[in-house]
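Peer 1: One file is attached below, data31.cif, containing mmCIF, C-alpha atoms and all ligand atoms.
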data_data
#
loop_
_atom_site.group_PDB
_atom_site.id
_atom_site.type_symbol
_atom_site.label_atom_id
_atom_site.label_comp_id
_atom_site.auth_asym_id
_atom_site.auth_seq_id
_atom_site.Cartn_x
_atom_site.Cartn_y
_atom_site.Cartn_z
ATOM 1 C CA MET A 280 -16.207 -15.311 147.075
ATOM 2 C CA ALA A 281 -18.161 -13.711 149.914
ATOM 3 C CA GLU A 282 -20.280 -16.118 151.916
ATOM 4 C CA GLU A 283 -23.931 -15.754 150.948
ATOM 5 C CA LYS A 284 -26.214 -14.868 153.854
ATOM 6 C CA TRP A 285 -29.795 -16.032 154.129
ATOM 7 C CA LYS A 286 -32.255 -13.230 154.686
ATOM 8 C CA THR A 287 -34.889 -12.647 157.337
ATOM 9 C CA ALA A 288 -37.188 -9.650 157.629
ATOM 10 C CA ILE A 289 -38.499 -10.462 161.120
ATOM 11 C CA THR A 290 -36.020 -9.403 163.792
ATOM 12 C CA ASP A 291 -32.740 -7.529 163.532
ATOM 13 C CA ILE A 292 -30.367 -8.367 166.394
ATOM 14 C CA GLY A 293 -26.930 -7.226 167.432
ATOM 15 C CA PRO A 294 -25.173 -6.576 170.724
ATOM 16 C CA GLY A 295 -27.730 -4.693 172.838
ATOM 17 C CA LYS A 296 -30.190 -4.551 169.936
ATOM 18 C CA ILE A 297 -33.427 -6.482 169.360
ATOM 19 C CA ASN A 298 -35.598 -4.793 166.738
ATOM 20 C CA VAL A 299 -38.768 -6.655 165.824
ATOM 21 C CA ARG A 300 -40.036 -5.567 162.402
ATOM 22 C CA GLY A 301 -37.938 -2.433 162.926
ATOM 23 C CA TYR A 302 -39.296 -1.484 166.362
ATOM 24 C CA GLN A 303 -37.071 -1.656 169.470
ATOM 25 C CA ILE A 304 -38.171 -4.424 171.822
ATOM 26 C CA ALA A 305 -38.174 -1.967 174.763
ATOM 27 C CA ASP A 306 -40.645 0.281 172.894
ATOM 28 C CA ILE A 307 -42.820 -2.699 172.067
ATOM 29 C CA MET A 308 -42.749 -3.817 175.716
ATOM 30 C CA GLU A 309 -43.811 -0.358 176.823
ATOM 31 C CA ASN A 310 -46.407 0.415 174.169
ATOM 32 C CA LEU A 311 -47.921 -2.725 172.657
ATOM 33 C CA SER A 312 -50.124 -5.407 174.187
ATOM 34 C CA TYR A 313 -49.210 -9.055 173.632
ATOM 35 C CA ALA A 314 -51.939 -9.341 170.971
ATOM 36 C CA GLU A 315 -50.602 -6.257 169.170
ATOM 37 C CA ALA A 316 -47.069 -7.673 169.279
ATOM 38 C CA VAL A 317 -48.322 -10.972 167.800
ATOM 39 C CA TYR A 318 -50.031 -9.032 165.001
ATOM 40 C CA LEU A 319 -46.840 -7.042 164.389
ATOM 41 C CA ILE A 320 -44.601 -10.090 164.154
ATOM 42 C CA LEU A 321 -46.984 -11.956 161.838
ATOM 43 C CA LYS A 322 -48.030 -9.075 159.586
ATOM 44 C CA GLY A 323 -44.929 -6.897 159.725
ATOM 45 C CA GLU A 324 -46.890 -3.738 160.635
ATOM 46 C CA ARG A 325 -48.693 -2.468 163.737
ATOM 47 C CA PRO A 326 -52.422 -3.179 163.906
ATOM 48 C CA THR A 327 -55.067 -0.461 163.764
ATOM 49 C CA PRO A 328 -57.185 -0.192 166.959
ATOM 50 C CA ALA A 329 -59.825 -2.410 165.285
ATOM 51 C CA GLU A 330 -57.266 -5.054 164.332
ATOM 52 C CA ALA A 331 -55.751 -4.916 167.827
ATOM 53 C CA ALA A 332 -59.161 -5.499 169.429
ATOM 54 C CA LEU A 333 -59.874 -8.407 167.079
ATOM 55 C CA MET A 334 -56.471 -9.978 167.562
ATOM 56 C CA ASN A 335 -56.932 -9.789 171.316
ATOM 57 C CA ALA A 336 -60.395 -11.357 171.087
ATOM 58 C CA ILE A 337 -59.065 -14.167 168.854
ATOM 59 C CA LEU A 338 -56.224 -14.986 171.233
ATOM 60 C CA VAL A 339 -58.548 -14.999 174.260
ATOM 61 C CA SER A 340 -61.353 -16.941 172.534
ATOM 62 C CA SER A 341 -59.610 -20.310 172.365
ATOM 63 C CA ILE A 342 -57.535 -20.164 175.549
ATOM 64 C CA ASP A 343 -59.297 -23.245 176.970
ATOM 65 C CA HIS A 344 -62.365 -25.435 176.520
ATOM 66 C CA GLY A 345 -62.322 -27.699 179.558
ATOM 67 C CA ALA A 346 -60.625 -31.050 180.060
ATOM 68 C CA SER A 347 -62.188 -32.981 177.170
ATOM 69 C CA PRO A 348 -60.663 -31.591 173.927
ATOM 70 C CA PRO A 349 -58.167 -33.944 172.253
ATOM 71 C CA SER A 350 -55.222 -31.551 172.719
ATOM 72 C CA VAL A 351 -55.825 -31.328 176.482
ATOM 73 C CA LEU A 352 -56.072 -35.107 176.717
ATOM 74 C CA GLY A 353 -52.789 -35.232 174.758
ATOM 75 C CA THR A 354 -51.057 -32.859 177.154
ATOM 76 C CA ARG A 355 -52.400 -34.586 180.268
ATOM 77 C CA THR A 356 -51.560 -38.051 178.939
ATOM 78 C CA VAL A 357 -47.957 -37.088 178.187
ATOM 79 C CA MET A 358 -47.644 -35.425 181.619
ATOM 80 C CA SER A 359 -49.222 -38.417 183.339
ATOM 81 C CA GLY A 360 -46.696 -40.694 181.670
ATOM 82 C CA GLY A 361 -43.945 -38.971 183.643
ATOM 83 C CA ASN A 362 -42.603 -36.532 181.062
ATOM 84 C CA SER A 363 -41.397 -32.949 181.197
ATOM 85 C CA LEU A 364 -43.583 -29.878 180.928
ATOM 86 C CA ASN A 365 -42.298 -29.078 177.452
ATOM 87 C CA ALA A 366 -43.013 -32.623 176.245
ATOM 88 C CA ALA A 367 -46.571 -32.336 177.618
ATOM 89 C CA ILE A 368 -47.209 -29.010 175.846
ATOM 90 C CA ALA A 369 -45.677 -30.310 172.614
ATOM 91 C CA GLY A 370 -47.878 -33.423 172.895
ATOM 92 C CA GLY A 371 -51.006 -31.281 173.130
ATOM 93 C CA VAL A 372 -49.953 -29.077 170.214
ATOM 94 C CA LEU A 373 -49.329 -32.172 168.074
ATOM 95 C CA VAL A 374 -52.931 -33.252 168.579
ATOM 96 C CA ILE A 375 -54.256 -30.017 167.049
ATOM 97 C CA GLY A 376 -55.372 -31.033 163.575
ATOM 98 C CA ASP A 377 -57.869 -30.404 160.818
ATOM 99 C CA THR A 378 -60.874 -31.267 162.983
ATOM 100 C CA HIS A 379 -59.684 -29.801 166.297
ATOM 101 C CA GLY A 380 -58.488 -26.206 166.331
ATOM 102 C CA GLY A 381 -56.777 -26.601 163.007
ATOM 103 C CA ALA A 382 -60.051 -26.257 161.116
ATOM 104 C CA ILE A 383 -59.196 -22.533 160.909
ATOM 105 C CA GLU A 384 -56.655 -23.279 158.178
ATOM 106 C CA GLN A 385 -58.911 -25.120 155.721
ATOM 107 C CA SER A 386 -61.902 -22.951 156.587
ATOM 108 C CA ALA A 387 -59.928 -19.783 155.781
ATOM 109 C CA ARG A 388 -58.611 -21.381 152.603
ATOM 110 C CA ILE A 389 -62.099 -22.191 151.326
ATOM 111 C CA LEU A 390 -63.548 -18.801 152.340
ATOM 112 C CA GLN A 391 -60.656 -16.944 150.673
ATOM 113 C CA ASP A 392 -60.969 -19.020 147.472
ATOM 114 C CA TRP A 393 -64.714 -18.514 147.231
ATOM 115 C CA VAL A 394 -64.612 -14.786 147.973
ATOM 116 C CA LYS A 395 -62.104 -14.509 145.101
ATOM 117 C CA LYS A 396 -64.180 -16.508 142.668
ATOM 118 C CA ARG A 397 -67.484 -14.828 143.562
ATOM 119 C CA GLU A 398 -69.023 -13.246 140.514
ATOM 120 C CA GLU A 399 -69.933 -9.586 140.306
ATOM 121 C CA ASN A 400 -73.518 -8.889 141.408
ATOM 122 C CA GLU A 401 -73.804 -12.372 142.956
ATOM 123 C CA SER A 402 -75.507 -12.332 146.359
ATOM 124 C CA TRP A 403 -73.800 -13.950 149.357
ATOM 125 C CA ASP A 404 -76.646 -16.470 149.468
ATOM 126 C CA GLU A 405 -75.937 -17.459 145.860
ATOM 127 C CA THR A 406 -72.206 -17.870 146.531
ATOM 128 C CA ALA A 407 -72.965 -19.889 149.677
ATOM 129 C CA GLY A 408 -75.387 -22.105 147.709
ATOM 130 C CA LYS A 409 -72.706 -22.851 145.103
ATOM 131 C CA LEU A 410 -70.194 -23.581 147.845
ATOM 132 C CA VAL A 411 -72.566 -26.037 149.554
ATOM 133 C CA ASN A 412 -73.022 -27.851 146.208
ATOM 134 C CA TRP A 413 -69.247 -27.979 145.692
ATOM 135 C CA LEU A 414 -68.762 -29.456 149.183
ATOM 136 C CA ASN A 415 -71.457 -32.063 148.531
ATOM 137 C CA GLU A 416 -69.926 -33.061 145.197
ATOM 138 C CA GLN A 417 -66.662 -33.725 146.999
ATOM 139 C CA ASN A 418 -68.370 -35.376 149.957
ATOM 140 C CA LYS A 419 -66.610 -32.853 152.157
ATOM 141 C CA ARG A 420 -67.643 -31.185 155.418
ATOM 142 C CA MET A 421 -67.241 -27.447 155.737
ATOM 143 C CA PRO A 422 -64.439 -26.819 158.236
ATOM 144 C CA GLY A 423 -65.462 -24.217 160.802
ATOM 145 C CA LEU A 424 -69.094 -25.316 161.052
ATOM 146 C CA GLY A 425 -70.655 -27.632 163.645
ATOM 147 C CA HIS A 426 -69.841 -28.313 167.263
ATOM 148 C CA ARG A 427 -70.264 -31.439 169.327
ATOM 149 C CA LEU A 428 -71.411 -29.427 172.386
ATOM 150 C CA HIS A 429 -72.620 -25.942 171.423
ATOM 151 C CA LYS A 430 -75.788 -25.336 169.442
ATOM 152 C CA VAL A 431 -74.616 -21.707 169.394
ATOM 153 C CA ASP A 432 -70.914 -21.147 169.957
ATOM 154 C CA PRO A 433 -70.661 -18.215 172.403
ATOM 155 C CA ARG A 434 -67.286 -17.202 170.987
ATOM 156 C CA THR A 435 -68.548 -16.748 167.436
ATOM 157 C CA GLY A 436 -71.182 -14.117 168.215
ATOM 158 C CA LYS A 437 -68.754 -12.128 170.342
ATOM 159 C CA LEU A 438 -66.030 -12.135 167.666
ATOM 160 C CA PHE A 439 -68.493 -10.980 165.010
ATOM 161 C CA GLU A 440 -69.926 -8.357 167.382
ATOM 162 C CA ILE A 441 -66.451 -6.924 168.046
ATOM 163 C CA ALA A 442 -65.738 -6.987 164.306
ATOM 164 C CA ALA A 443 -69.004 -5.179 163.526
ATOM 165 C CA ARG A 444 -68.434 -2.598 166.277
ATOM 166 C CA HIS A 445 -65.137 -1.713 164.633
ATOM 167 C CA GLY A 446 -66.607 -1.611 161.132
ATOM 168 C CA TYR A 447 -64.802 -4.809 160.232
ATOM 169 C CA SER A 448 -67.623 -6.989 158.930
ATOM 170 C CA GLY A 449 -66.035 -7.884 155.658
ATOM 171 C CA ARG A 450 -66.633 -10.300 152.839
ATOM 172 C CA HIS A 451 -65.404 -13.478 154.522
ATOM 173 C CA ILE A 452 -67.674 -12.905 157.530
ATOM 174 C CA GLU A 453 -70.583 -12.313 155.117
ATOM 175 C CA LEU A 454 -69.818 -15.566 153.309
ATOM 176 C CA VAL A 455 -69.517 -17.763 156.408
ATOM 177 C CA LYS A 456 -72.806 -16.341 157.777
ATOM 178 C CA ALA A 457 -74.534 -17.053 154.454
ATOM 179 C CA LEU A 458 -73.068 -20.556 154.524
ATOM 180 C CA GLU A 459 -74.493 -21.247 157.980
ATOM 181 C CA LYS A 460 -77.917 -20.180 156.662
ATOM 182 C CA ALA A 461 -77.553 -22.295 153.496
ATOM 183 C CA PHE A 462 -76.723 -25.468 155.471
ATOM 184 C CA GLU A 463 -79.669 -24.936 157.791
ATOM 185 C CA LYS A 464 -81.983 -24.389 154.825
ATOM 186 C CA LYS A 465 -80.729 -27.558 153.164
ATOM 187 C CA SER A 466 -80.829 -29.968 156.097
ATOM 188 C CA GLY A 467 -83.380 -28.264 158.347
ATOM 189 C CA LYS A 468 -80.883 -28.590 161.213
ATOM 190 C CA PRO A 469 -78.699 -25.783 162.521
ATOM 191 C CA LEU A 470 -74.970 -26.142 161.865
ATOM 192 C CA PRO A 471 -73.432 -23.343 163.906
ATOM 193 C CA ILE A 472 -70.313 -21.426 162.935
ATOM 194 C CA ASN A 473 -67.806 -22.623 165.516
ATOM 195 C CA VAL A 474 -64.900 -20.605 166.893
ATOM 196 C CA ASP A 475 -62.569 -21.961 164.188
ATOM 197 C CA GLY A 476 -64.931 -20.800 161.453
ATOM 198 C CA ALA A 477 -65.334 -17.411 163.107
ATOM 199 C CA ILE A 478 -61.567 -16.950 163.481
ATOM 200 C CA ALA A 479 -61.073 -18.119 159.887
ATOM 201 C CA ALA A 480 -63.491 -15.472 158.603
ATOM 202 C CA VAL A 481 -62.060 -12.684 160.778
ATOM 203 C CA ILE A 482 -58.394 -13.366 159.932
ATOM 204 C CA SER A 483 -59.353 -13.582 156.263
ATOM 205 C CA ASP A 484 -61.024 -10.176 156.487
ATOM 206 C CA MET A 485 -57.854 -8.942 158.210
ATOM 207 C CA GLY A 486 -55.842 -10.074 155.190
ATOM 208 C CA PHE A 487 -53.959 -13.014 156.753
ATOM 209 C CA ASP A 488 -52.813 -15.900 154.572
ATOM 210 C CA TRP A 489 -54.863 -19.064 155.320
ATOM 211 C CA ARG A 490 -51.596 -20.976 155.789
ATOM 212 C CA LEU A 491 -51.169 -19.179 159.144
ATOM 213 C CA GLY A 492 -54.578 -20.469 160.310
ATOM 214 C CA LYS A 493 -53.569 -23.210 162.737
ATOM 215 C CA GLY A 494 -51.069 -20.823 164.322
ATOM 216 C CA PHE A 495 -53.797 -18.584 165.772
ATOM 217 C CA PHE A 496 -55.311 -21.516 167.632
ATOM 218 C CA ILE A 497 -51.930 -22.736 168.848
ATOM 219 C CA ILE A 498 -50.934 -19.310 170.199
ATOM 220 C CA SER A 499 -54.283 -19.013 171.945
ATOM 221 C CA ARG A 500 -54.417 -22.557 173.392
ATOM 222 C CA VAL A 501 -50.861 -22.980 174.737
ATOM 223 C CA PRO A 502 -51.611 -21.125 178.035
ATOM 224 C CA GLY A 503 -54.585 -23.469 178.538
ATOM 225 C CA LEU A 504 -52.410 -26.513 177.828
ATOM 226 C CA LEU A 505 -49.840 -25.200 180.297
ATOM 227 C CA ALA A 506 -52.506 -24.863 183.001
ATOM 228 C CA HIS A 507 -53.681 -28.439 182.339
ATOM 229 C CA ALA A 508 -50.110 -29.802 182.341
ATOM 230 C CA TYR A 509 -49.420 -28.073 185.656
ATOM 231 C CA GLU A 510 -52.677 -29.254 187.211
ATOM 232 C CA GLU A 511 -51.981 -32.814 186.079
ATOM 233 C CA MET A 512 -48.459 -32.596 187.530
ATOM 234 C CA THR A 513 -49.482 -31.170 190.892
ATOM 235 C CA ARG A 514 -52.922 -32.645 191.530
ATOM 236 C CA GLU A 515 -53.103 -36.085 189.976
ATOM 237 C CA LYS A 516 -51.192 -39.273 190.551
ATOM 238 C CA PRO A 517 -48.945 -40.450 187.722
ATOM 239 C CA MET A 518 -50.293 -42.808 185.093
ATOM 240 C CA ARG A 519 -53.912 -42.498 186.173
ATOM 241 C CA PRO A 520 -56.541 -43.795 183.763
ATOM 242 C CA LEU A 521 -57.282 -40.709 181.674
ATOM 243 C CA GLY A 522 -60.443 -39.801 179.882
ATOM 244 C CA PRO A 523 -63.719 -41.616 180.417
ATOM 245 C CA PRO A 524 -64.791 -44.102 179.260
ATOM 246 C CA PRO A 525 -61.879 -46.439 180.045
ATOM 247 C CA SER A 526 -60.783 -48.268 176.938
ATOM 248 C CA GLU A 527 -61.837 -51.818 176.308
ATOM 249 C CA TYR A 528 -59.763 -54.329 174.342
ATOM 250 C CA ASP A 529 -61.660 -55.974 171.533
ATOM 251 C CA GLY A 530 -58.841 -57.426 169.441
ATOM 252 C CA PRO A 531 -57.914 -61.125 169.169
ATOM 253 C CA GLY A 532 -57.492 -63.105 172.393
ATOM 254 C CA GLU A 533 -54.110 -64.426 173.482
ATOM 255 C CA ARG A 534 -52.581 -66.631 170.788
ATOM 256 C CA LYS A 535 -49.324 -68.415 170.142
ATOM 257 C CA LEU A 536 -46.912 -67.813 167.315
HETATM 258 C C1 LIG B 601 -66.971 -30.569 165.021
HETATM 259 C C2 LIG B 601 -67.705 -31.805 164.522
HETATM 260 C C3 LIG B 601 -66.760 -33.014 164.522
HETATM 261 C C4 LIG B 601 -68.876 -32.061 165.473
HETATM 262 O O1 LIG B 601 -69.643 -33.053 164.928
HETATM 263 P P1 LIG B 601 -70.968 -33.634 165.627
HETATM 264 O O2 LIG B 601 -71.757 -32.540 166.211
HETATM 265 O O3 LIG B 601 -70.556 -34.757 166.520
HETATM 266 O O4 LIG B 601 -71.774 -34.096 164.399
HETATM 267 P P2 LIG B 601 -71.659 -35.425 163.539
HETATM 268 O O5 LIG B 601 -70.252 -35.695 163.090
HETATM 269 O O6 LIG B 601 -72.356 -36.543 164.268
HETATM 270 O O7 LIG B 601 -72.562 -34.988 162.280
HETATM 271 C C5 LIG B 601 -73.964 -34.731 162.398
HETATM 272 C C6 LIG B 601 -74.512 -34.325 161.036
HETATM 273 O O8 LIG B 601 -74.100 -32.998 160.724
HETATM 274 C C7 LIG B 601 -73.315 -33.005 159.526
HETATM 275 N N1 LIG B 601 -72.183 -32.097 159.737
HETATM 276 C C8 LIG B 601 -71.515 -31.893 160.900
HETATM 277 N N2 LIG B 601 -70.545 -30.986 160.716
HETATM 278 C C9 LIG B 601 -70.602 -30.633 159.405
HETATM 279 C C10 LIG B 601 -69.852 -29.720 158.639
HETATM 280 N N3 LIG B 601 -68.852 -29.019 159.164
HETATM 281 N N4 LIG B 601 -70.171 -29.588 157.329
HETATM 282 C C11 LIG B 601 -71.181 -30.302 156.789
HETATM 283 N N5 LIG B 601 -71.941 -31.165 157.483
HETATM 284 C C12 LIG B 601 -71.649 -31.334 158.789
HETATM 285 C C13 LIG B 601 -72.831 -34.432 159.354
HETATM 286 O O9 LIG B 601 -72.574 -34.758 158.007
HETATM 287 C C14 LIG B 601 -74.005 -35.209 159.910
HETATM 288 O O10 LIG B 601 -75.024 -35.259 158.933
HETATM 289 P P3 LIG B 601 -76.051 -36.507 158.878
HETATM 290 O O11 LIG B 601 -76.787 -36.488 160.201
HETATM 291 O O12 LIG B 601 -76.919 -36.177 157.702
HETATM 292 O O13 LIG B 601 -75.198 -37.722 158.700
HETATM 293 C C15 LIG B 601 -68.256 -31.594 163.088
HETATM 294 O O14 LIG B 601 -69.236 -30.599 163.099
HETATM 295 C C16 LIG B 601 -67.158 -31.296 162.076
HETATM 296 O O15 LIG B 601 -66.549 -32.221 161.542
HETATM 297 N N6 LIG B 601 -66.930 -29.976 161.788
HETATM 298 C C17 LIG B 601 -65.891 -29.594 160.865
HETATM 299 C C18 LIG B 601 -64.557 -29.501 161.563
HETATM 300 C C19 LIG B 601 -64.496 -28.339 162.524
HETATM 301 O O16 LIG B 601 -64.982 -27.265 162.259
HETATM 302 N N7 LIG B 601 -63.845 -28.563 163.657
HETATM 303 C C20 LIG B 601 -63.681 -27.559 164.691
HETATM 304 C C21 LIG B 601 -64.547 -27.862 165.867
HETATM 305 S S1 LIG B 601 -64.506 -26.556 167.057
#
With the file now loaded, output its structure as structure tokens.
Ligand SMILES: CC(C)(COP(=O)(O)OP(=O)(O)OC[C@H]1O[C@@H](n2cnc3c(N)ncnc32)[C@H](O)[C@@H]1OP(=O)(O)O)[C@@H](O)C(=O)NCCC(=O)NCCS
Peer 2:
Amino acid sequence: MAEEKWKTAITDIGPGKINVRGYQIADIMENLSYAEAVYLILKGERPTPAEAALMNAILVSSIDHGASPPSVLGTRTVMSGGNSLNAAIAGGVLVIGDTHGGAIEQSARILQDWVKKREENESWDETAGKLVNWLNEQNKRMPGLGHRLHKVDPRTGKLFEIAARHGYSGRHIELVKALEKAFEKKSGKPLPINVDGAIAAVISDMGFDWRLGKGFFIISRVPGLLAHAYEEMTREKPMRPLGPPPSEYDGPGERKL
């Protein structure tokens, strides 16, 4: 019986041949930007000029956010402990989770679900109102809203502006904007759409599966993590106390078994 082969539709290789989604790698190198190549490998087709511009903006938007985010502290801590560059990058990537960077995944999931279940003739404000009630019933926060530093996230407005300029302001962007308004109306305090929420809405309008969500942040942030790992390696002494404030022990005092 012939051995059964597992199938992949991503890249076809052979001696002297590397065809990604059917296109020769040399042609891709010559003709596509990095963002366009990322779109191609994830979606299987080349992006339109609008999708290329949005993909580029997404990948640039989260490249770095200073030394304080948990993933950067992860990378620097692993580096400071005397590990390799790849361990430091992997450490930072492992820290990316549902509340840091990874909020794109659950935000896109909720937006995609609620755009699907929206009733005909329902306004975006009505859908957003129902969604806020659903979140409250579950005692859940809306991923993609709120920021511990920015009252207005400068990345969100730019992403939506680029989307609008290319005629790409679709249903998921409408819903997340209505949601921001609904939360402000309810609590009287602004709860800005953060970069994760903006990316979630844009990739949803671009037709990406929400399960790819965290990947967009990871692809964008790895160059930033690399810069931090390298700076830690070349500028700081090993095993320095990282991240103010220094930790304080408040467990039991010394005791005997
Ligand atoms: C990012 C985040 C941790 C920042 O939080 P913060 O500014 O320190 O705000 P707090 O956690 O102190 O919450 C302040 C109030 O806003 C509310 N709030 C904050 N983010 C909220 C959200 N996403 N959905 C609903 N309510 C939210 C809190 O319930 C709290 O309400 P209260 O004052 O009535 O108790 C928070 O907004 C959050 O959890 N967002 C969702 C996850 C996310 O999008 N992460 C990506 C960040 S780029």
Peer 1: At what distance in Å, to one decimal, does atom CA of Asp343 of chain A lie from atom CA of Ala457 of chain A?
Peer 2: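 Between atom CA of Ala457 of chain A and atom CA of Asp343 of chain A the gap is 27.9 Å.
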Peer 1: Report as a ChimeraX atom specification the residues that result from applying the PyMOL selection byres (((not hetatm)) within 10 of (chain B and resi 601)) to the structure here.
Peer 2: /A:341,344,348,376-383,385-386,411,414-415,418-430,432,458-459,462-463,466,468-477
Peer 1: Applied to this file, what does the PyMOL selection byres (((chain A and resi 443-452) around 8) and not hetatm) return in terms of residues, put as a PDB file with C-alpha atoms, keeping the file's coordinate frame?
Peer 2:
ATOM      1  CA  ALA A 329     -59.825  -2.410 165.285  1.00  0.00           C
ATOM      2  CA  LEU A 390     -63.548 -18.801 152.340  1.00  0.00           C
ATOM      3  CA  GLN A 391     -60.656 -16.944 150.673  1.00  0.00           C
ATOM      4  CA  VAL A 394     -64.612 -14.786 147.973  1.00  0.00           C
ATOM      5  CA  PHE A 439     -68.493 -10.980 165.010  1.00  0.00           C
ATOM      6  CA  GLU A 440     -69.926  -8.357 167.382  1.00  0.00           C
ATOM      7  CA  ILE A 441     -66.451  -6.924 168.046  1.00  0.00           C
ATOM      8  CA  ALA A 442     -65.738  -6.987 164.306  1.00  0.00           C
ATOM      9  CA  GLU A 453     -70.583 -12.313 155.117  1.00  0.00           C
ATOM     10  CA  LEU A 454     -69.818 -15.566 153.309  1.00  0.00           C
ATOM     11  CA  VAL A 455     -69.517 -17.763 156.408  1.00  0.00           C
ATOM     12  CA  LYS A 456     -72.806 -16.341 157.777  1.00  0.00           C
ATOM     13  CA  ALA A 477     -65.334 -17.411 163.107  1.00  0.00           C
ATOM     14  CA  ALA A 480     -63.491 -15.472 158.603  1.00  0.00           C
ATOM     15  CA  VAL A 481     -62.060 -12.684 160.778  1.00  0.00           C
ATOM     16  CA  SER A 483     -59.353 -13.582 156.263  1.00  0.00           C
ATOM     17  CA  ASP A 484     -61.024 -10.176 156.487  1.00  0.00           C
TER      18      ASP A 484
END
Peer 1: Which residues, written as a list in words, have at least one atom at most 10 Å from Ser350 of chain A, with only C-alpha atoms counted and residues fewer than 4 positions away on the same chain left out?
Peer 2: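 Contacts, in chain order: Ala346, Thr354, Arg355, Thr356, Ala367, Ile368, Ala369, Gly370, Gly371, Val372, Leu373, Val374, Ile375, Gly376, His379, Gly380, Arg500, Val501, Gly503 and Leu504 of chain A.
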Peer 1: Give me, please, the distance in Å between atom CA of Asn310 of chain A and atom CA of Thr290 of chain A, quoted to one decimal.
Peer 2: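 Rounded to one decimal, the two atoms are 17.7 Å apart.
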Peer 1: For the structure shown, which residues end up in the PyMOL selection byres (((chain A and resi 491) around 12) and not hetatm)? Put them as a CSV table (one decimal) with C-alpha atoms, keeping the file's coordinate frame, please?
Peer 2:
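After the write, result.csv holds the following:
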chain,number,residue,atom,x,y,z
A,318,TYR,CA,-50.0,-9.0,165.0
A,321,LEU,CA,-47.0,-12.0,161.8
A,322,LYS,CA,-48.0,-9.1,159.6
A,381,GLY,CA,-56.8,-26.6,163.0
A,382,ALA,CA,-60.1,-26.3,161.1
A,383,ILE,CA,-59.2,-22.5,160.9
A,384,GLU,CA,-56.7,-23.3,158.2
A,385,GLN,CA,-58.9,-25.1,155.7
A,386,SER,CA,-61.9,-23.0,156.6
A,387,ALA,CA,-59.9,-19.8,155.8
A,388,ARG,CA,-58.6,-21.4,152.6
A,478,ILE,CA,-61.6,-17.0,163.5
A,479,ALA,CA,-61.1,-18.1,159.9
A,482,ILE,CA,-58.4,-13.4,159.9
A,483,SER,CA,-59.4,-13.6,156.3
A,486,GLY,CA,-55.8,-10.1,155.2
A,487,PHE,CA,-54.0,-13.0,156.8
A,488,ASP,CA,-52.8,-15.9,154.6
A,489,TRP,CA,-54.9,-19.1,155.3
A,490,ARG,CA,-51.6,-21.0,155.8
A,492,GLY,CA,-54.6,-20.5,160.3
A,493,LYS,CA,-53.6,-23.2,162.7
A,494,GLY,CA,-51.1,-20.8,164.3
A,495,PHE,CA,-53.8,-18.6,165.8
A,496,PHE,CA,-55.3,-21.5,167.6
A,497,ILE,CA,-51.9,-22.7,168.8
A,498,ILE,CA,-50.9,-19.3,170.2
